[in-house]
>>> print(open('structure26.pdb').read())   # PDB, C-alpha atoms and all ligand atoms
ATOM      1  CA  MET A   5       9.427 -38.643 -11.679
ATOM      2  CA  GLU A   6      11.665 -37.495 -14.493
ATOM      3  CA  LYS A   7      14.339 -34.808 -14.390
ATOM      4  CA  LYS A   8      13.820 -32.300 -17.196
ATOM      5  CA  ALA A   9      15.557 -29.124 -18.392
ATOM      6  CA  LEU A  10      17.820 -26.981 -16.239
ATOM      7  CA  LEU A  11      15.696 -24.104 -14.983
ATOM      8  CA  TYR A  12      18.319 -22.094 -13.166
ATOM      9  CA  GLU A  13      21.948 -22.336 -12.112
ATOM     10  CA  GLY A  14      22.974 -20.400  -9.036
ATOM     11  CA  LYS A  15      26.286 -20.084  -7.222
ATOM     12  CA  ALA A  16      25.844 -23.248  -5.161
ATOM     13  CA  LYS A  17      22.902 -25.063  -6.726
ATOM     14  CA  LYS A  18      21.298 -26.112  -9.975
ATOM     15  CA  VAL A  19      17.533 -26.350 -10.231
ATOM     16  CA  TYR A  20      15.837 -28.650 -12.745
ATOM     17  CA  MET A  21      12.273 -28.885 -13.917
ATOM     18  CA  THR A  22      10.514 -32.230 -13.672
ATOM     19  CA  ASP A  23       7.594 -33.829 -15.450
ATOM     20  CA  GLU A  24       5.415 -32.737 -12.512
ATOM     21  CA  GLU A  25       4.347 -29.118 -12.651
ATOM     22  CA  ASN A  26       4.815 -28.216  -8.994
ATOM     23  CA  LYS A  27       8.004 -30.166  -8.307
ATOM     24  CA  LEU A  28      11.601 -29.220  -8.958
ATOM     25  CA  ILE A  29      14.890 -31.029  -8.391
ATOM     26  CA  VAL A  30      17.631 -29.111  -6.587
ATOM     27  CA  SER A  31      21.186 -30.305  -7.173
ATOM     28  CA  TYR A  32      23.823 -29.065  -4.725
ATOM     29  CA  LYS A  33      27.278 -28.168  -6.099
ATOM     30  CA  ASP A  34      30.661 -28.040  -4.373
ATOM     31  CA  ASP A  35      31.263 -24.528  -5.741
ATOM     32  CA  ALA A  36      31.614 -21.848  -3.125
ATOM     33  CA  THR A  37      31.481 -18.094  -3.548
ATOM     34  CA  ALA A  38      31.690 -15.235  -1.109
ATOM     35  CA  PHE A  39      31.472 -11.453  -1.126
ATOM     36  CA  ASN A  40      28.835 -11.430  -3.850
ATOM     37  CA  GLY A  41      30.855 -13.702  -6.128
ATOM     38  CA  ALA A  42      34.198 -11.886  -5.749
ATOM     39  CA  LYS A  43      35.806 -14.901  -4.038
ATOM     40  CA  LYS A  44      35.390 -18.261  -5.727
ATOM     41  CA  GLY A  45      36.454 -21.774  -4.782
ATOM     42  CA  VAL A  46      35.464 -25.369  -4.285
ATOM     43  CA  ILE A  47      34.693 -27.049  -0.989
ATOM     44  CA  GLU A  48      35.061 -30.772  -1.565
ATOM     45  CA  ALA A  49      31.805 -32.687  -0.868
ATOM     46  CA  LYS A  50      30.038 -29.511   0.276
ATOM     47  CA  GLY A  51      27.125 -30.321  -2.021
ATOM     48  CA  ILE A  52      26.609 -33.671  -0.321
ATOM     49  CA  VAL A  53      26.798 -32.227   3.188
ATOM     50  CA  ASN A  54      24.512 -29.284   2.390
ATOM     51  CA  ASN A  55      21.937 -31.462   0.672
ATOM     52  CA  ARG A  56      21.755 -33.870   3.598
ATOM     53  CA  LEU A  57      21.955 -31.210   6.316
ATOM     54  CA  SER A  58      19.417 -28.941   4.723
ATOM     55  CA  ASN A  59      16.962 -31.823   4.342
ATOM     56  CA  TYR A  60      17.672 -32.877   7.926
ATOM     57  CA  PHE A  61      16.817 -29.380   9.215
ATOM     58  CA  MET A  62      13.759 -29.028   6.971
ATOM     59  CA  LYS A  63      12.357 -32.353   8.201
ATOM     60  CA  MET A  64      12.968 -31.318  11.806
ATOM     61  CA  LEU A  65      11.247 -27.964  11.214
ATOM     62  CA  GLU A  66       8.257 -29.672   9.575
ATOM     63  CA  THR A  67       7.735 -31.603  12.833
ATOM     64  CA  LYS A  68       7.522 -28.206  14.578
ATOM     65  CA  GLY A  69       4.798 -27.036  12.214
ATOM     66  CA  ILE A  70       6.919 -24.922   9.889
ATOM     67  CA  PRO A  71       5.990 -25.588   6.255
ATOM     68  CA  THR A  72       8.986 -26.128   3.951
ATOM     69  CA  HIS A  73       9.602 -26.901   0.302
ATOM     70  CA  PHE A  74      11.192 -30.290   1.116
ATOM     71  CA  ILE A  75       9.570 -33.291  -0.575
ATOM     72  CA  GLU A  76      12.083 -36.110  -0.988
ATOM     73  CA  GLU A  77      15.834 -36.706  -0.989
ATOM     74  CA  LEU A  78      16.723 -38.473  -4.234
ATOM     75  CA  ASN A  79      20.420 -39.129  -3.734
ATOM     76  CA  ASP A  80      23.590 -37.605  -2.226
ATOM     77  CA  ARG A  81      23.223 -34.289  -3.999
ATOM     78  CA  GLU A  82      19.663 -34.089  -5.271
ATOM     79  CA  THR A  83      16.346 -33.356  -3.601
ATOM     80  CA  VAL A  84      12.794 -32.934  -4.859
ATOM     81  CA  VAL A  85      11.269 -29.684  -3.622
ATOM     82  CA  GLU A  86       7.996 -27.899  -4.098
ATOM     83  CA  LYS A  87       8.083 -25.216  -6.772
ATOM     84  CA  VAL A  88       7.645 -21.740  -5.317
ATOM     85  CA  THR A  89       8.054 -18.168  -6.394
ATOM     86  CA  ILE A  90      10.916 -16.985  -4.236
ATOM     87  CA  ILE A  91      10.188 -13.828  -2.274
ATOM     88  CA  PRO A  92      13.296 -11.712  -2.965
ATOM     89  CA  LEU A  93      14.245 -11.277   0.681
ATOM     90  CA  GLU A  94      17.138 -12.610   2.695
ATOM     91  CA  VAL A  95      15.690 -12.989   6.163
ATOM     92  CA  ILE A  96      18.542 -12.839   8.661
ATOM     93  CA  VAL A  97      18.229 -13.776  12.325
ATOM     94  CA  ARG A  98      21.030 -13.022  14.777
ATOM     95  CA  ASN A  99      21.553 -14.286  18.325
ATOM     96  CA  PHE A 100      25.162 -13.110  18.656
ATOM     97  CA  ALA A 101      27.033 -10.322  16.894
ATOM     98  CA  ALA A 102      29.160 -11.466  13.952
ATOM     99  CA  GLY A 103      29.957 -10.621  10.357
ATOM    100  CA  SER A 104      28.329  -7.533   8.902
ATOM    101  CA  LEU A 105      26.535  -6.659  12.152
ATOM    102  CA  SER A 106      29.824  -6.589  14.065
ATOM    103  CA  LYS A 107      31.286  -4.315  11.399
ATOM    104  CA  ARG A 108      28.277  -2.030  11.191
ATOM    105  CA  LEU A 109      27.828  -1.538  14.931
ATOM    106  CA  GLY A 110      31.383  -2.058  16.154
ATOM    107  CA  LEU A 111      30.466  -5.079  18.274
ATOM    108  CA  GLU A 112      32.984  -7.779  19.028
ATOM    109  CA  GLU A 113      32.130 -11.045  17.271
ATOM    110  CA  GLY A 114      30.492 -13.449  19.702
ATOM    111  CA  THR A 115      28.820 -10.755  21.818
ATOM    112  CA  ARG A 116      25.422 -12.114  22.861
ATOM    113  CA  LEU A 117      22.659  -9.745  21.736
ATOM    114  CA  ASN A 118      20.162  -8.705  24.427
ATOM    115  CA  LYS A 119      17.384  -9.293  21.958
ATOM    116  CA  THR A 120      17.268 -11.477  18.862
ATOM    117  CA  VAL A 121      17.792  -9.296  15.798
ATOM    118  CA  LEU A 122      15.832  -9.724  12.586
ATOM    119  CA  GLU A 123      17.073  -8.086   9.383
ATOM    120  CA  TYR A 124      15.990  -8.106   5.773
ATOM    121  CA  SER A 125      18.159  -7.796   2.690
ATOM    122  CA  TYR A 126      16.758  -7.247  -0.763
ATOM    123  CA  LYS A 127      17.919 -10.219  -2.860
ATOM    124  CA  ASN A 128      19.560  -8.480  -5.768
ATOM    125  CA  ASP A 129      23.126  -9.364  -6.794
ATOM    126  CA  GLU A 130      23.571  -6.217  -8.894
ATOM    127  CA  LEU A 131      22.840  -4.062  -5.847
ATOM    128  CA  GLY A 132      24.838  -6.316  -3.497
ATOM    129  CA  ASP A 133      21.777  -7.430  -1.468
ATOM    130  CA  PRO A 134      21.202  -4.133   0.384
ATOM    131  CA  MET A 135      19.663  -4.171   3.849
ATOM    132  CA  ILE A 136      16.063  -2.924   3.817
ATOM    133  CA  ASN A 137      13.246  -2.565   6.348
ATOM    134  CA  ASP A 138       9.515  -3.238   6.292
ATOM    135  CA  TYR A 139       8.736   0.180   4.745
ATOM    136  CA  HIS A 140      10.956  -0.620   1.755
ATOM    137  CA  ILE A 141       9.355  -4.059   1.495
ATOM    138  CA  PHE A 142       5.858  -2.576   1.252
ATOM    139  CA  ALA A 143       6.992   0.314  -0.972
ATOM    140  CA  LEU A 144       8.552  -2.145  -3.430
ATOM    141  CA  ASP A 145       5.599  -4.564  -3.210
ATOM    142  CA  ILE A 146       7.927  -7.377  -2.160
ATOM    143  CA  ALA A 147       5.415  -8.708   0.370
ATOM    144  CA  THR A 148       2.195  -7.626   2.021
ATOM    145  CA  LYS A 149       1.913  -6.814   5.732
ATOM    146  CA  GLU A 150       0.208 -10.177   6.360
ATOM    147  CA  GLU A 151       2.912 -12.046   4.459
ATOM    148  CA  LEU A 152       5.701 -10.237   6.271
ATOM    149  CA  ASP A 153       4.084 -10.922   9.660
ATOM    150  CA  MET A 154       4.048 -14.585   8.761
ATOM    151  CA  ILE A 155       7.652 -14.541   7.534
ATOM    152  CA  GLU A 156       8.757 -12.855  10.763
ATOM    153  CA  ALA A 157       6.885 -15.345  12.948
ATOM    154  CA  TYR A 158       8.349 -18.291  11.016
ATOM    155  CA  ALA A 159      11.852 -16.819  11.212
ATOM    156  CA  PHE A 160      11.707 -16.602  15.025
ATOM    157  CA  ARG A 161      10.230 -20.089  15.327
ATOM    158  CA  ILE A 162      12.942 -21.475  13.042
ATOM    159  CA  ASN A 163      15.523 -19.765  15.259
ATOM    160  CA  GLU A 164      14.093 -21.324  18.412
ATOM    161  CA  ALA A 165      13.902 -24.799  16.917
ATOM    162  CA  LEU A 166      17.379 -24.703  15.360
ATOM    163  CA  THR A 167      19.005 -23.181  18.451
ATOM    164  CA  ALA A 168      17.556 -25.837  20.757
ATOM    165  CA  HIS A 169      18.411 -28.678  18.386
ATOM    166  CA  LEU A 170      21.988 -27.524  17.826
ATOM    167  CA  GLU A 171      22.576 -26.975  21.543
ATOM    168  CA  GLU A 172      22.179 -30.717  21.996
ATOM    169  CA  VAL A 173      25.285 -31.273  19.883
ATOM    170  CA  ASN A 174      27.245 -28.410  21.414
ATOM    171  CA  ILE A 175      26.811 -26.018  18.515
ATOM    172  CA  GLU A 176      25.895 -22.383  19.097
ATOM    173  CA  LEU A 177      23.690 -20.841  16.409
ATOM    174  CA  ILE A 178      25.229 -17.395  15.969
ATOM    175  CA  ASP A 179      23.077 -16.249  13.054
ATOM    176  CA  PHE A 180      21.498 -17.516   9.845
ATOM    177  CA  LYS A 181      19.791 -16.499   6.636
ATOM    178  CA  VAL A 182      16.623 -18.050   5.250
ATOM    179  CA  GLU A 183      14.466 -17.433   2.223
ATOM    180  CA  PHE A 184      10.768 -18.007   1.752
ATOM    181  CA  GLY A 185       8.659 -18.704  -1.289
ATOM    182  CA  LYS A 186       5.031 -18.673  -2.286
ATOM    183  CA  THR A 187       3.388 -21.857  -3.590
ATOM    184  CA  SER A 188       0.914 -21.957  -6.457
ATOM    185  CA  LYS A 189      -1.798 -21.905  -3.776
ATOM    186  CA  GLY A 190      -0.370 -18.738  -2.242
ATOM    187  CA  GLN A 191       1.037 -20.414   0.885
ATOM    188  CA  ILE A 192       4.297 -19.012   2.286
ATOM    189  CA  ILE A 193       6.818 -21.786   2.939
ATOM    190  CA  LEU A 194      10.474 -22.029   3.872
ATOM    191  CA  ALA A 195      12.539 -22.528   0.710
ATOM    192  CA  ASP A 196      16.239 -22.459  -0.245
ATOM    193  CA  GLU A 197      18.669 -24.200   2.158
ATOM    194  CA  ILE A 198      19.794 -24.301   5.772
ATOM    195  CA  SER A 199      23.444 -25.316   5.957
ATOM    196  CA  PRO A 200      26.923 -24.149   6.997
ATOM    197  CA  ASP A 201      26.770 -21.966   3.854
ATOM    198  CA  THR A 202      23.853 -19.994   5.268
ATOM    199  CA  CYS A 203      24.332 -20.164   9.048
ATOM    200  CA  ARG A 204      27.102 -19.349  11.480
ATOM    201  CA  PHE A 205      27.741 -22.387  13.661
ATOM    202  CA  TRP A 206      30.302 -22.139  16.471
ATOM    203  CA  ASP A 207      31.480 -24.953  18.679
ATOM    204  CA  ALA A 208      29.837 -24.138  22.013
ATOM    205  CA  ILE A 209      32.982 -24.961  24.000
ATOM    206  CA  THR A 210      35.920 -23.835  21.850
ATOM    207  CA  ASN A 211      34.077 -21.228  19.701
ATOM    208  CA  LYS A 212      35.658 -22.837  16.623
ATOM    209  CA  LYS A 213      33.839 -21.716  13.509
ATOM    210  CA  LEU A 214      32.086 -24.644  11.797
ATOM    211  CA  ASP A 215      30.697 -22.805   8.785
ATOM    212  CA  LYS A 216      31.408 -20.884   5.606
ATOM    213  CA  ASP A 217      33.386 -18.200   7.455
ATOM    214  CA  ARG A 218      36.295 -20.701   7.299
ATOM    215  CA  PHE A 219      36.169 -20.297   3.494
ATOM    216  CA  ARG A 220      35.352 -16.569   3.494
ATOM    217  CA  ARG A 221      38.258 -15.798   5.843
ATOM    218  CA  ASN A 222      40.769 -18.444   4.657
ATOM    219  CA  LEU A 223      40.794 -20.191   8.039
ATOM    220  CA  GLY A 224      41.522 -23.683   6.646
ATOM    221  CA  ASP A 225      39.858 -26.979   7.651
ATOM    222  CA  VAL A 226      36.806 -25.980   5.613
ATOM    223  CA  GLU A 227      35.757 -29.484   4.523
ATOM    224  CA  ASP A 228      36.308 -30.878   8.020
ATOM    225  CA  ALA A 229      34.115 -28.212   9.571
ATOM    226  CA  TYR A 230      31.180 -28.978   7.258
ATOM    227  CA  GLN A 231      31.621 -32.701   7.907
ATOM    228  CA  GLU A 232      31.839 -32.104  11.655
ATOM    229  CA  VAL A 233      28.407 -30.429  11.776
ATOM    230  CA  MET A 234      26.843 -33.310   9.864
ATOM    231  CA  ASN A 235      28.567 -36.001  11.931
ATOM    232  CA  ARG A 236      27.483 -34.449  15.226
ATOM    233  CA  LEU A 237      23.845 -34.265  14.145
ATOM    234  CA  LEU A 238      23.724 -37.738  12.608
ATOM    235  CA  VAL A 239      25.481 -39.385  15.570
ATOM    236  CA  HIS A 240      23.104 -37.527  17.885
ATOM    237  CA  ASP A 241      20.154 -39.156  16.124
ATOM    238  CA  ASN A 242      21.521 -42.714  16.192
TER     239      ASN A 242
HETATM  240  P1  LIG A 301      26.306 -11.268   7.494
HETATM  241  O1  LIG A 301      25.269 -10.223   7.215
HETATM  242  O2  LIG A 301      26.890 -11.134   8.874
HETATM  243  O3  LIG A 301      27.335 -11.361   6.413
HETATM  244  O4  LIG A 301      25.541 -12.679   7.457
HETATM  245  C1  LIG A 301      24.585 -13.029   8.421
HETATM  246  C2  LIG A 301      24.187 -14.488   8.253
HETATM  247  O5  LIG A 301      23.441 -14.653   7.063
HETATM  248  C3  LIG A 301      25.370 -15.462   8.124
HETATM  249  O6  LIG A 301      25.022 -16.681   8.753
HETATM  250  C4  LIG A 301      25.523 -15.671   6.629
HETATM  251  O7  LIG A 301      26.013 -16.967   6.358
HETATM  252  C5  LIG A 301      24.094 -15.501   6.133
HETATM  253  N1  LIG A 301      24.053 -14.805   4.850
HETATM  254  C6  LIG A 301      23.818 -13.500   4.625
HETATM  255  N2  LIG A 301      23.833 -13.215   3.309
HETATM  256  C7  LIG A 301      24.085 -14.367   2.695
HETATM  257  C8  LIG A 301      24.236 -14.724   1.306
HETATM  258  O8  LIG A 301      24.119 -13.918   0.388
HETATM  259  N3  LIG A 301      24.530 -16.030   1.068
HETATM  260  C9  LIG A 301      24.662 -16.953   2.066
HETATM  261  N4  LIG A 301      24.964 -18.227   1.752
HETATM  262  N5  LIG A 301      24.509 -16.646   3.364
HETATM  263  C10 LIG A 301      24.233 -15.378   3.668
END
>>> encode(input="structure26.pdb", output="structure tokens", more="lines below")
Ligand code: 5GP
Amino acid sequence: MEKKALLYEGKAKKVYMTDEENKLIVSYKDDATAFNGAKKGVIEAKGIVNNRLSNYFMKMLETKGIPTHFIEELNDRETVVEKVTIIPLEVIVRNFAAGSLSKRLGLEEGTRLNKTVLEYSYKNDELGDPMINDYHIFALDIATKEELDMIEAYAFRINEALTAHLEEVNIELIDFKVEFGKTSKGQIILADEISPDTCRFWDAITNKKLDKDRFRRNLGDVEDAYQEVMNRLLVHDN
């Protein structure tokens, strides 16, 4: 397979076309942004960790029956994925209060939620990804009721699978964001990435943050935290 023209460059990834119509190559960068691009930086080797970790999680989720865009890891930073039309929703699942939920509801970070919370944000940088609900989603024709039911079911199953898997390496899954896409055949599949950029991972014993909050909040040890998550999972499997 041949890498062709750059299709899109995002904050953390580049996406290339290939000579095969339904396949793209994602290339993970070390660039990091936060607060809708207001804070910029570089996290050394982040692209390598996120590429490998995201593929690791996608492969694990495939074994649990969740369809993903993952096809093949090409090298340290690049992966072949299935081409989809991204559904412009950030699907957020929360097990513990943190981040914007803590702010919005005045809950101390780390408070276990009595019920898993599912939220949607409309993916739109200009608007700052505003939180929306299912009525907005139908009103804006972002997804149909059937599609949203499927997205919701997948999101909860992803949460269960990730939570159980991470528990084995003493990592608490606080919350995460996923995105879904539609294939040329109309199938909804998990797309984008699952990594310390898109999840909150806390050490289950010390509560140390092992995710992008270290960058967002200038907590230091950013590179080490990303590496730590990968090392724990890879050692666990060997
Ligand atoms: P919060 O709404 O508390 O800022 O984020 C909730 C969860 O979703 C966190 O795990 C966070 O990393 C993820 N998340 C929400 N929005 C974004 C986004 O625009 N980019 C990334 N990388 N993660 C996001």
>>> residues_near_ligand(input="structure26.pdb", ligand="ligand LIG 301 (chain A)", cutoff="7 Å", atoms="only C-alpha atoms and all ligand atoms", output="list in words")
Asn40, Glu94, Ile96, Ala102, Gly103, Ser104, Leu105, Asp179, Phe180, Lys181, Asp201, Thr202, Cys203, Arg204 and Lys216 of chain A
>>> atom_distance(input="structure26.pdb", atom1="atom CA of A:His169", atom2="atom CA of A:Val88")
26.9 Å
>>> residues_near_point(input="structure26.pdb", point="(6.2, -31.2, -12.6)", cutoff="12 Å", atoms="only C-alpha atoms", output="ChimeraX atom specification")
/A:5-9,20-29,84-87
>>> write_last_selection(input="structure26.pdb", atoms="C-alpha atoms", output="short mmCIF file (atom, residue, chain, number, x, y, z; two decimals), in the coordinates of the input")
data_model
loop_
_atom_site.label_atom_id
_atom_site.label_comp_id
_atom_site.auth_asym_id
_atom_site.auth_seq_id
_atom_site.Cartn_x
_atom_site.Cartn_y
_atom_site.Cartn_z
CA MET A 5 9.43 -38.64 -11.68
CA GLU A 6 11.66 -37.49 -14.49
CA LYS A 7 14.34 -34.81 -14.39
CA LYS A 8 13.82 -32.30 -17.20
CA ALA A 9 15.56 -29.12 -18.39
CA TYR A 20 15.84 -28.65 -12.74
CA MET A 21 12.27 -28.88 -13.92
CA THR A 22 10.51 -32.23 -13.67
CA ASP A 23 7.59 -33.83 -15.45
CA GLU A 24 5.42 -32.74 -12.51
CA GLU A 25 4.35 -29.12 -12.65
CA ASN A 26 4.82 -28.22 -8.99
CA LYS A 27 8.00 -30.17 -8.31
CA LEU A 28 11.60 -29.22 -8.96
CA ILE A 29 14.89 -31.03 -8.39
CA VAL A 84 12.79 -32.93 -4.86
CA VAL A 85 11.27 -29.68 -3.62
CA GLU A 86 8.00 -27.90 -4.10
CA LYS A 87 8.08 -25.22 -6.77
#
>>> resolve_selection(input="structure26.pdb", expression="the PyMOL selection byres (((chain A and resi 47-51) around 8) and not hetatm)", output="list in words")
Ala16, Ser31, Tyr32, Lys33, Asp34, Asp35, Ala36, Gly45, Val46, Ile52, Val53, Asn54, Asn55, Arg81, Val226, Glu227 and Tyr230 of chain A
>>> write_last_selection(input="structure26.pdb", atoms="C-alpha atoms", output="PDB file, keeping the file's coordinate frame")
ATOM      1  CA  ALA A  16      25.844 -23.248  -5.161  1.00  0.00           C
ATOM      2  CA  SER A  31      21.186 -30.305  -7.173  1.00  0.00           C
ATOM      3  CA  TYR A  32      23.823 -29.065  -4.725  1.00  0.00           C
ATOM      4  CA  LYS A  33      27.278 -28.168  -6.099  1.00  0.00           C
ATOM      5  CA  ASP A  34      30.661 -28.040  -4.373  1.00  0.00           C
ATOM      6  CA  ASP A  35      31.263 -24.528  -5.741  1.00  0.00           C
ATOM      7  CA  ALA A  36      31.614 -21.848  -3.125  1.00  0.00           C
ATOM      8  CA  GLY A  45      36.454 -21.774  -4.782  1.00  0.00           C
ATOM      9  CA  VAL A  46      35.464 -25.369  -4.285  1.00  0.00           C
ATOM     10  CA  ILE A  52      26.609 -33.671  -0.321  1.00  0.00           C
ATOM     11  CA  VAL A  53      26.798 -32.227   3.188  1.00  0.00           C
ATOM     12  CA  ASN A  54      24.512 -29.284   2.390  1.00  0.00           C
ATOM     13  CA  ASN A  55      21.937 -31.462   0.672  1.00  0.00           C
ATOM     14  CA  ARG A  81      23.223 -34.289  -3.999  1.00  0.00           C
ATOM     15  CA  VAL A 226      36.806 -25.980   5.613  1.00  0.00           C
ATOM     16  CA  GLU A 227      35.757 -29.484   4.523  1.00  0.00           C
ATOM     17  CA  TYR A 230      31.180 -28.978   7.258  1.00  0.00           C
TER      18      TYR A 230
END
>>> resolve_selection(input="structure26.pdb", expression="the PyMOL selection byres (((chain A and resi 56) around 12) and not hetatm)", output="PyMOL selection string")
chain A and resi 30-32+49-55+57-63+74+76-83+197-200+230-231+233-235+237-238
>>> atom_distance(input="structure26.pdb", atom1="atom CA of A:Thr89", atom2="atom CA of A:Ala38")
24.4 Å
>>> resolve_selection(input="structure26.pdb", expression="the PyMOL selection byres (((chain A and resi 72) around 8) and not hetatm)", output="number ranges by chain")
A: 62, 65-66, 70-71, 73-74, 193-195
>>> atom_distance(input="structure26.pdb", atom1="atom CA of A:Ile136", atom2="atom CA of A:Glu123")
7.7 Å
>>> residues_near_point(input="structure26.pdb", point="(22.0, -12.3, 20.5)", cutoff="6 Å", atoms="all atoms listed in the file", output="number ranges by chain")
A: 98-100, 116-120
>>> closest_residue(input="structure26.pdb", among="A:Met64, A:Met154, A:Ile75, A:Val95", to="A:Gln191", atoms="all atoms listed in the file")
A:Met154
>>> closest_residue(input="structure26.pdb", among="A:Lys15, A:Lys107, A:Lys213, A:Lys127", to="A:Glu176", atoms="only C-alpha atoms")
A:Lys213
>>> closest_residue(input="structure26.pdb", among="A:Tyr124, A:His240, A:Asp228, A:Phe219", to="A:Leu170", atoms="all atoms listed in the file")
A:His240
